[in-house]
>>> print(open('start26.tsv').read())   # TSV, C-alpha atoms
chain	number	residue	atom	x	y	z
A	44	GLN	CA	0.61	-18.17	-10.47
A	45	THR	CA	-1.38	-15.71	-8.37
A	46	ARG	CA	0.16	-15.08	-4.97
A	47	VAL	CA	-1.80	-16.18	-1.91
A	48	ARG	CA	-1.23	-12.85	-0.16
A	49	LEU	CA	-2.80	-11.03	-3.13
A	50	ILE	CA	-6.01	-13.03	-2.77
A	51	ARG	CA	-5.98	-12.54	1.01
A	52	SER	CA	-5.63	-8.77	0.63
A	53	PHE	CA	-8.94	-8.56	-1.25
A	54	LEU	CA	-10.94	-10.54	1.32
A	55	LEU	CA	-13.64	-8.45	3.01
A	56	PHE	CA	-13.61	-10.73	6.06
A	57	HIS	CA	-10.87	-11.83	8.44
A	58	GLU	CA	-10.26	-14.38	11.17
A	59	GLY	CA	-11.93	-13.51	14.48
A	60	GLU	CA	-14.64	-11.25	13.01
A	61	PRO	CA	-18.39	-11.98	13.32
A	62	PHE	CA	-19.62	-14.08	10.38
A	63	ASP	CA	-21.25	-11.97	7.63
A	64	ARG	CA	-22.72	-13.95	4.71
A	65	ALA	CA	-23.07	-10.79	2.58
A	66	LYS	CA	-19.33	-10.03	2.81
A	67	ILE	CA	-18.52	-13.62	1.84
A	68	GLU	CA	-20.65	-13.29	-1.31
A	69	GLU	CA	-19.27	-9.82	-2.10
A	70	THR	CA	-15.70	-11.09	-1.85
A	71	GLU	CA	-16.47	-13.92	-4.25
A	72	ARG	CA	-17.94	-11.48	-6.78
A	73	ASN	CA	-15.03	-9.06	-6.43
A	74	LEU	CA	-12.46	-11.81	-7.05
A	75	ARG	CA	-14.38	-12.99	-10.11
A	76	LEU	CA	-13.83	-9.56	-11.66
A	77	PHE	CA	-10.14	-10.43	-12.09
A	78	SER	CA	-9.75	-11.72	-15.63
A	79	PHE	CA	-6.71	-13.79	-14.60
A	80	LEU	CA	-8.86	-15.96	-12.32
A	81	LYS	CA	-10.76	-18.64	-14.22
A	82	SER	CA	-12.97	-19.59	-11.28
A	83	VAL	CA	-13.59	-18.46	-7.71
A	84	SER	CA	-15.56	-20.20	-4.97
A	85	ILE	CA	-15.79	-19.55	-1.23
A	86	ASN	CA	-17.02	-22.49	0.85
A	87	VAL	CA	-18.33	-22.09	4.40
A	88	SER	CA	-18.53	-24.97	6.87
A	89	SER	CA	-21.28	-25.61	9.38
A	90	PRO	CA	-20.73	-23.82	12.71
A	91	HIS	CA	-18.65	-25.70	15.25
A	92	ASP	CA	-17.15	-24.54	18.55
A	93	GLU	CA	-18.77	-21.13	17.92
A	94	VAL	CA	-16.77	-20.63	14.69
A	95	VAL	CA	-17.10	-21.42	10.97
A	96	ASP	CA	-14.32	-22.41	8.59
A	97	VAL	CA	-14.09	-20.45	5.34
A	98	VAL	CA	-12.12	-21.86	2.38
A	99	VAL	CA	-11.33	-19.62	-0.61
A	100	VAL	CA	-10.58	-21.59	-3.78
A	101	THR	CA	-9.33	-19.90	-6.97
A	102	GLU	CA	-8.15	-21.29	-10.29
A	103	ASP	CA	-5.74	-19.31	-12.43
A	104	GLU	CA	-6.50	-18.47	-16.06
A	105	PHE	CA	-3.93	-18.48	-18.85
A	106	THR	CA	-2.58	-14.94	-18.52
A	107	SER	CA	-1.01	-14.22	-21.92
A	108	ALA	CA	-3.14	-13.40	-24.94
A	109	VAL	CA	-2.49	-12.20	-28.50
A	110	THR	CA	-5.20	-11.06	-30.91
A	111	GLY	CA	-5.07	-9.48	-34.34
A	112	ASP	CA	-7.18	-8.28	-37.26
A	113	PHE	CA	-6.00	-7.67	-40.80
A	114	SER	CA	-8.04	-6.14	-43.62
A	115	ASN	CA	-8.05	-3.98	-46.74
A	116	ASP	CA	-9.43	-0.45	-46.63
A	117	GLY	CA	-9.74	1.23	-50.02
A	118	GLY	CA	-6.80	-0.71	-51.39
A	119	LYS	CA	-4.61	-0.03	-48.37
A	120	PHE	CA	-3.48	-2.68	-45.89
A	121	VAL	CA	-4.61	-1.96	-42.33
A	122	TYR	CA	-4.35	-3.97	-39.14
A	123	ASP	CA	-4.65	-3.95	-35.37
A	124	ALA	CA	-2.98	-6.28	-32.90
A	125	ASP	CA	-3.12	-6.59	-29.11
A	126	TYR	CA	-0.89	-8.33	-26.61
A	127	SER	CA	-1.90	-8.61	-22.96
A	128	GLN	CA	-0.02	-10.00	-19.98
A	129	MET	CA	-2.31	-10.29	-16.98
A	130	ASP	CA	-1.35	-11.02	-13.38
A	131	LEU	CA	2.19	-9.74	-13.95
A	132	PHE	CA	4.58	-11.80	-11.78
A	133	GLY	CA	1.58	-12.93	-9.73
A	134	SER	CA	0.96	-9.37	-8.50
A	135	GLY	CA	-2.49	-8.85	-10.02
A	136	SER	CA	-1.18	-6.09	-12.31
A	137	SER	CA	-1.64	-6.25	-16.08
A	138	LEU	CA	0.30	-4.90	-19.05
A	139	PHE	CA	-1.29	-4.31	-22.45
A	140	PHE	CA	0.14	-3.37	-25.85
A	141	TYR	CA	-2.14	-2.12	-28.64
A	142	PHE	CA	-1.09	-1.55	-32.26
A	143	ASP	CA	-3.72	0.07	-34.50
A	144	HIS	CA	-2.57	1.05	-37.98
A	145	ARG	CA	-5.32	2.64	-40.07
A	146	VAL	CA	-5.45	4.80	-43.18
A	147	GLU	CA	-5.66	8.10	-41.28
A	148	ARG	CA	-3.68	7.29	-38.15
A	149	ARG	CA	-1.18	4.79	-36.72
A	150	THR	CA	-1.38	4.31	-32.97
A	151	ASN	CA	0.92	2.39	-30.63
A	152	THR	CA	-0.32	2.21	-27.04
A	153	VAL	CA	0.97	0.69	-23.82
A	154	GLU	CA	-1.30	0.43	-20.77
A	155	TYR	CA	-0.54	-0.62	-17.20
A	156	VAL	CA	-3.29	-1.57	-14.72
A	157	ASN	CA	-2.73	-2.14	-10.99
A	158	PRO	CA	-5.71	-3.09	-8.75
A	159	ARG	CA	-3.94	-2.24	-5.46
A	160	VAL	CA	-1.66	0.72	-6.06
A	161	PHE	CA	-2.23	2.14	-2.55
A	162	GLY	CA	-3.77	-1.03	-1.16
A	163	PRO	CA	-6.67	-3.35	-2.06
A	164	TYR	CA	-9.38	-1.81	-4.25
A	165	TRP	CA	-7.23	1.17	-5.19
A	166	ASN	CA	-7.12	0.94	-9.00
A	167	LEU	CA	-4.44	2.57	-11.14
A	168	ASP	CA	-4.74	2.84	-14.94
A	169	LEU	CA	-1.78	4.34	-16.84
A	170	GLN	CA	-1.91	4.75	-20.60
A	171	LEU	CA	0.69	6.12	-23.02
A	172	ALA	CA	0.02	6.34	-26.77
A	173	LYS	CA	2.40	7.36	-29.54
A	174	ASN	CA	0.52	8.23	-32.72
A	175	SER	CA	1.63	9.12	-36.20
A	176	ASP	CA	0.03	12.55	-35.66
A	177	GLY	CA	0.53	13.09	-31.93
A	178	GLY	CA	-0.04	11.08	-28.79
A	179	GLU	CA	-1.91	10.72	-25.50
A	180	LYS	CA	-0.98	10.51	-21.82
A	181	ARG	CA	-3.68	9.35	-19.41
A	182	VAL	CA	-3.71	8.39	-15.73
A	183	GLU	CA	-6.68	7.40	-13.58
A	184	ILE	CA	-6.85	6.40	-9.92
A	185	SER	CA	-10.13	5.14	-8.50
A	186	ARG	CA	-11.64	3.51	-5.44
A	187	PRO	CA	-14.97	1.93	-6.44
A	188	LEU	CA	-18.04	0.78	-4.52
A	189	PHE	CA	-16.67	-2.69	-3.77
A	190	SER	CA	-18.99	-3.47	-0.84
A	191	TYR	CA	-22.34	-2.35	0.52
A	192	THR	CA	-20.39	-1.12	3.57
A	193	THR	CA	-17.95	1.03	1.53
A	194	PRO	CA	-18.01	4.43	3.32
A	195	TRP	CA	-16.73	6.45	0.37
A	196	THR	CA	-15.50	6.20	-3.21
A	197	MET	CA	-13.28	8.41	-5.35
A	198	ASP	CA	-12.04	8.87	-8.89
A	199	ALA	CA	-9.25	11.07	-10.27
A	200	LEU	CA	-8.48	11.40	-13.98
A	201	ALA	CA	-5.90	13.41	-15.94
A	202	ASP	CA	-5.71	13.22	-19.73
A	203	GLN	CA	-3.68	15.00	-22.40
A	204	LEU	CA	-4.24	14.33	-26.11
A	205	VAL	CA	-2.68	15.80	-29.25
A	206	GLN	CA	-3.81	14.66	-32.70
A	207	THR	CA	-4.86	15.74	-36.18
A	208	GLU	CA	-8.60	15.95	-36.70
A	209	ARG	CA	-10.78	16.28	-39.80
A	210	THR	CA	-14.14	17.74	-40.69
A	211	TYR	CA	-16.10	15.94	-43.43
A	212	ALA	CA	-18.88	16.94	-45.80
A	213	ARG	CA	-20.41	14.41	-48.20
A	214	GLY	CA	-17.55	12.02	-47.57
A	215	GLU	CA	-14.84	14.56	-48.37
A	216	VAL	CA	-12.39	16.26	-45.97
A	217	THR	CA	-13.24	19.96	-45.75
A	218	SER	CA	-11.00	20.94	-42.82
A	219	LEU	CA	-7.75	19.59	-41.43
A	220	TYR	CA	-6.50	20.93	-38.10
A	221	ARG	CA	-4.58	20.19	-34.91
A	222	GLN	CA	-6.44	19.39	-31.68
A	223	ARG	CA	-4.96	19.68	-28.18
A	224	HIS	CA	-7.18	18.26	-25.46
A	225	ARG	CA	-6.55	18.45	-21.71
A	226	ALA	CA	-8.86	17.13	-18.99
A	227	LEU	CA	-8.83	16.91	-15.21
A	228	ALA	CA	-11.66	15.30	-13.25
A	229	LEU	CA	-11.94	14.62	-9.52
A	230	SER	CA	-14.92	13.18	-7.67
A	231	ARG	CA	-15.63	11.76	-4.23
A	232	SER	CA	-18.72	10.22	-2.71
A	233	HIS	CA	-19.86	9.94	0.89
A	234	THR	CA	-22.24	7.15	1.88
A	235	LEU	CA	-25.38	8.39	3.60
A	236	HIS	CA	-26.96	5.01	4.32
A	237	HIS	CA	-26.13	1.40	3.56
A	238	GLU	CA	-27.72	-1.99	3.99
A	239	GLU	CA	-27.30	-5.32	2.24
A	240	ALA	CA	-29.83	-4.38	-0.44
A	241	ARG	CA	-28.87	-0.73	-1.07
A	242	SER	CA	-26.26	2.00	-0.67
A	243	THR	CA	-27.04	5.71	-1.09
A	244	ALA	CA	-24.45	8.46	-1.35
A	245	ILE	CA	-23.90	12.09	-2.22
A	246	VAL	CA	-21.18	12.92	-4.74
A	247	ALA	CA	-19.17	16.08	-5.35
A	248	GLY	CA	-16.40	16.82	-7.81
A	249	ILE	CA	-14.86	18.99	-10.50
A	250	ASP	CA	-14.59	18.43	-14.24
A	251	PHE	CA	-12.16	20.71	-16.10
A	252	PHE	CA	-11.31	20.34	-19.78
A	253	ASP	CA	-9.90	22.38	-22.66
A	254	ASP	CA	-9.97	21.81	-26.42
A	255	HIS	CA	-7.63	24.03	-28.42
A	256	PHE	CA	-7.51	23.98	-32.25
A	257	THR	CA	-4.80	25.32	-34.56
A	258	HIS	CA	-4.17	25.38	-38.30
A	259	LEU	CA	-1.81	22.96	-40.00
A	260	PRO	CA	0.74	24.02	-42.62
A	261	GLY	CA	-0.99	24.24	-45.98
A	262	HIS	CA	-4.44	24.43	-44.35
A	263	THR	CA	-4.40	27.97	-42.93
A	264	GLN	CA	-7.77	28.76	-44.52
A	265	ASP	CA	-9.56	25.69	-43.14
A	266	LEU	CA	-12.43	26.30	-40.75
A	267	LEU	CA	-11.62	25.56	-37.11
A	268	PRO	CA	-14.12	24.41	-34.45
A	269	VAL	CA	-14.92	26.79	-31.61
A	270	GLU	CA	-12.47	26.35	-28.76
A	271	ARG	CA	-13.87	24.82	-25.57
A	272	ARG	CA	-12.86	25.67	-22.00
A	273	PHE	CA	-15.12	24.52	-19.19
A	274	ARG	CA	-14.69	24.41	-15.40
A	275	TYR	CA	-17.59	22.40	-14.00
A	276	VAL	CA	-18.41	21.89	-10.33
A	277	ASP	CA	-20.57	18.78	-10.04
A	278	VAL	CA	-22.89	17.53	-7.28
A	279	GLY	CA	-25.06	14.45	-7.37
A	280	PHE	CA	-26.98	11.70	-5.64
A	281	ASP	CA	-26.40	7.98	-6.28
A	282	SER	CA	-28.59	5.14	-5.05
A	283	THR	CA	-27.27	1.65	-5.87
A	284	GLY	CA	-29.39	-1.43	-5.34
A	285	PHE	CA	-27.89	-4.89	-4.83
A	286	ARG	CA	-29.68	-8.00	-6.08
A	287	GLN	CA	-27.05	-10.30	-7.50
A	288	ARG	CA	-27.48	-13.22	-9.87
A	289	LYS	CA	-24.64	-15.63	-10.69
A	290	LEU	CA	-24.77	-17.45	-14.04
A	291	ASP	CA	-22.23	-19.28	-16.16
A	292	TYR	CA	-21.67	-19.42	-19.92
A	293	VAL	CA	-23.55	-16.18	-20.63
A	294	THR	CA	-20.96	-14.02	-22.41
A	295	ASP	CA	-17.90	-16.17	-21.66
A	296	SER	CA	-16.98	-19.68	-20.56
A	297	ARG	CA	-16.89	-18.70	-16.89
A	298	GLU	CA	-19.21	-17.68	-14.09
A	299	GLU	CA	-20.40	-14.08	-14.20
A	300	ASP	CA	-22.32	-11.85	-11.80
A	301	PHE	CA	-25.23	-9.63	-12.78
A	302	ASN	CA	-26.67	-6.95	-10.53
A	303	LEU	CA	-30.47	-6.94	-10.89
A	304	GLY	CA	-31.00	-4.22	-8.28
A	305	THR	CA	-32.70	-0.91	-9.03
A	306	SER	CA	-30.30	2.05	-9.18
A	307	LEU	CA	-30.70	5.80	-9.65
A	308	SER	CA	-28.16	8.53	-10.37
A	309	VAL	CA	-28.80	12.29	-10.70
A	310	HIS	CA	-26.01	14.84	-11.23
A	311	ALA	CA	-26.01	18.58	-11.90
A	312	ALA	CA	-22.98	20.72	-12.73
A	313	VAL	CA	-22.37	24.42	-13.24
A	314	ALA	CA	-19.50	26.36	-14.79
A	315	PRO	CA	-18.89	30.12	-15.26
A	316	ASN	CA	-20.33	29.90	-18.76
A	317	ALA	CA	-22.27	26.63	-18.84
A	318	TRP	CA	-24.46	24.11	-17.04
A	319	ARG	CA	-24.95	20.35	-17.34
A	320	PHE	CA	-27.45	17.75	-16.12
A	321	ARG	CA	-27.18	13.96	-16.21
A	322	GLY	CA	-29.53	11.32	-14.90
A	323	SER	CA	-29.96	7.57	-15.23
A	324	ALA	CA	-32.04	4.76	-13.78
A	325	SER	CA	-31.77	1.00	-14.19
A	326	THR	CA	-33.67	-2.07	-13.03
A	327	ALA	CA	-34.23	-5.71	-13.95
A	328	TRP	CA	-37.08	-8.18	-14.24
A	329	ASP	CA	-36.93	-11.92	-13.57
A	330	LEU	CA	-38.31	-13.95	-16.46
A	331	GLY	CA	-37.28	-17.40	-15.25
A	332	ALA	CA	-34.73	-19.33	-13.24
A	333	ARG	CA	-31.94	-18.42	-15.70
A	334	THR	CA	-33.62	-15.60	-17.60
A	335	PHE	CA	-33.91	-11.91	-16.84
A	336	ALA	CA	-34.26	-8.60	-18.65
A	337	LEU	CA	-32.16	-5.52	-17.90
A	338	GLY	CA	-33.55	-2.05	-18.51
A	339	GLN	CA	-31.87	1.33	-18.36
A	340	ILE	CA	-32.90	4.86	-19.20
A	341	SER	CA	-30.63	7.88	-19.22
A	342	ALA	CA	-30.87	11.55	-20.12
A	343	SER	CA	-28.43	14.41	-20.35
A	344	SER	CA	-28.59	18.06	-21.26
A	345	ARG	CA	-26.20	20.98	-21.26
A	346	GLY	CA	-26.16	24.62	-22.22
A	347	THR	CA	-23.76	27.54	-22.53
A	348	SER	CA	-24.03	31.29	-22.18
A	349	ARG	CA	-21.82	33.50	-24.34
A	350	HIS	CA	-21.37	37.26	-23.85
>>> encode(input="start26.tsv", output="structure tokens")
Amino acid sequence: QTRVRLIRSFLLFHEGEPFDRAKIEETERNLRLFSFLKSVSINVSSPHDEVVDVVVVTEDEFTSAVTGDFSNDGGKFVYDADYSQMDLFGSGSSLFFYFDHRVERRTNTVEYVNPRVFGPYWNLDLQLAKNSDGGEKRVEISRPLFSYTTPWTMDALADQLVQTERTYARGEVTSLYRQRHRALALSRSHTLHHEEARSTAIVAGIDFFDDHFTHLPGHTQDLLPVERRFRYVDVGFDSTGFRQRKLDYVTDSREEDFNLGTSLSVHAAVAPNAWRFRGSASTAWDLGARTFALGQISASSRGTSRH
């Protein structure tokens, strides 16, 4: 059962503060993002004695789940299975186990997710994978845009991957080699202006990654990809619109929130030997009381200079 103090820690309002309807609705949407909560509702009383009473009601979901898929691939038995334990000991954390056994690779992964590692809305995602041909270690810490009043956001990612890769031609393996991938990304935003309908921010960060390729025994003549080593410095502008719609039984048997606001994101990055541009825009159109259309367009381009 989810602990009461966990729910309280994610409330964007507190006793004694001026009443803010937008923060009530934002809190309800944020709590609904937890997959271990089946339903969330926040009820507000009529004003009395210059105060209002706010009641937060949540219903817990069944927190253990097992899924699996078994099939035959070219005469070989393959399968994948997942086990998830959400809301670990009522703390809001989740533990996942993934088993993916395919013809080319067998992967066993454990993942730990904590939504309040340094406090509410500080997300931690740890992932450790042991593969038949290598493995991966990945850690990400993020603080998202959880309210229109959020003054800043951040994201930090470190990833290290080792595995055997293949190059194909006409369905046949032409090259077999070892790949070592390392990545480090840091970004932080600063809100320039915010209101109930929109938040605009500038973003700055770094994006470093390396891809190193080596020959495998018995494949010393195989062609290797060109090694990649980039050190990007990224700056951007994000404008996020807020126009929320709550519907039930859309993609799951629970209430879901859809943001129909217009958003825009433009980012440019430079490195000693490369440049990169990314942009996206999204909006929505109402087609009825329970019908809407979502539209998004995105573009990206990059280039390198070799001497």
>>> closest_residue(input="start26.tsv", among="A:Arg231, A:Asp202, A:Gly322, A:Asp112", to="Phe251 in chain A", atoms="all atoms listed in the file")
A:Asp202
>>> atom_distance(input="start26.tsv", atom1="CA of Val276 in chain A", atom2="CA of Ala311 in chain A")
8.4 Å
>>> closest_atom_pairs(input="start26.tsv", of="range 142-231 of chain A", to="range 63-83 of chain A", cutoff="12 Å", atoms="all atoms listed in the file", output="Markdown table")
| residue | atom | partner | partner_atom | distance |
| --- | --- | --- | --- | --- |
| A:Val156 | CA | A:Phe77 | CA | 11.5 |
| A:Asn157 | CA | A:Phe77 | CA | 11.2 |
| A:Pro158 | CA | A:Phe77 | CA | 9.2 |
| A:Pro163 | CA | A:Asn73 | CA | 11.0 |
| A:Tyr164 | CA | A:Asn73 | CA | 9.4 |
| A:Pro187 | CA | A:Asn73 | CA | 11.0 |
| A:Leu188 | CA | A:Asn73 | CA | 10.5 |
| A:Phe189 | CA | A:Asn73 | CA | 7.1 |
| A:Ser190 | CA | A:Glu69 | CA | 6.5 |
| A:Tyr191 | CA | A:Glu69 | CA | 8.5 |
| A:Thr192 | CA | A:Lys66 | CA | 9.0 |
| A:Thr193 | CA | A:Lys66 | CA | 11.2 |
>>> atom_distance(input="start26.tsv", atom1="CA of Gly304 in chain A", atom2="CA of Phe53 in chain A")
23.6 Å
>>> atom_distance(input="start26.tsv", atom1="CA of Gln128 in chain A", atom2="CA of Thr106 in chain A")
5.8 Å
>>> residues_around(input="start26.tsv", residues="Thr217 in chain A", least_positions_apart="3", cutoff="12 Å", atoms="all atoms listed in the file", output="MDAnalysis selection string")
chainID A and resid 208:214 220 262 264:267
>>> closest_residue(input="start26.tsv", among="A:Asp254, A:Glu270, A:Glu154, A:Glu183", to="Ala228 in chain A", atoms="only C-alpha atoms")
A:Glu183
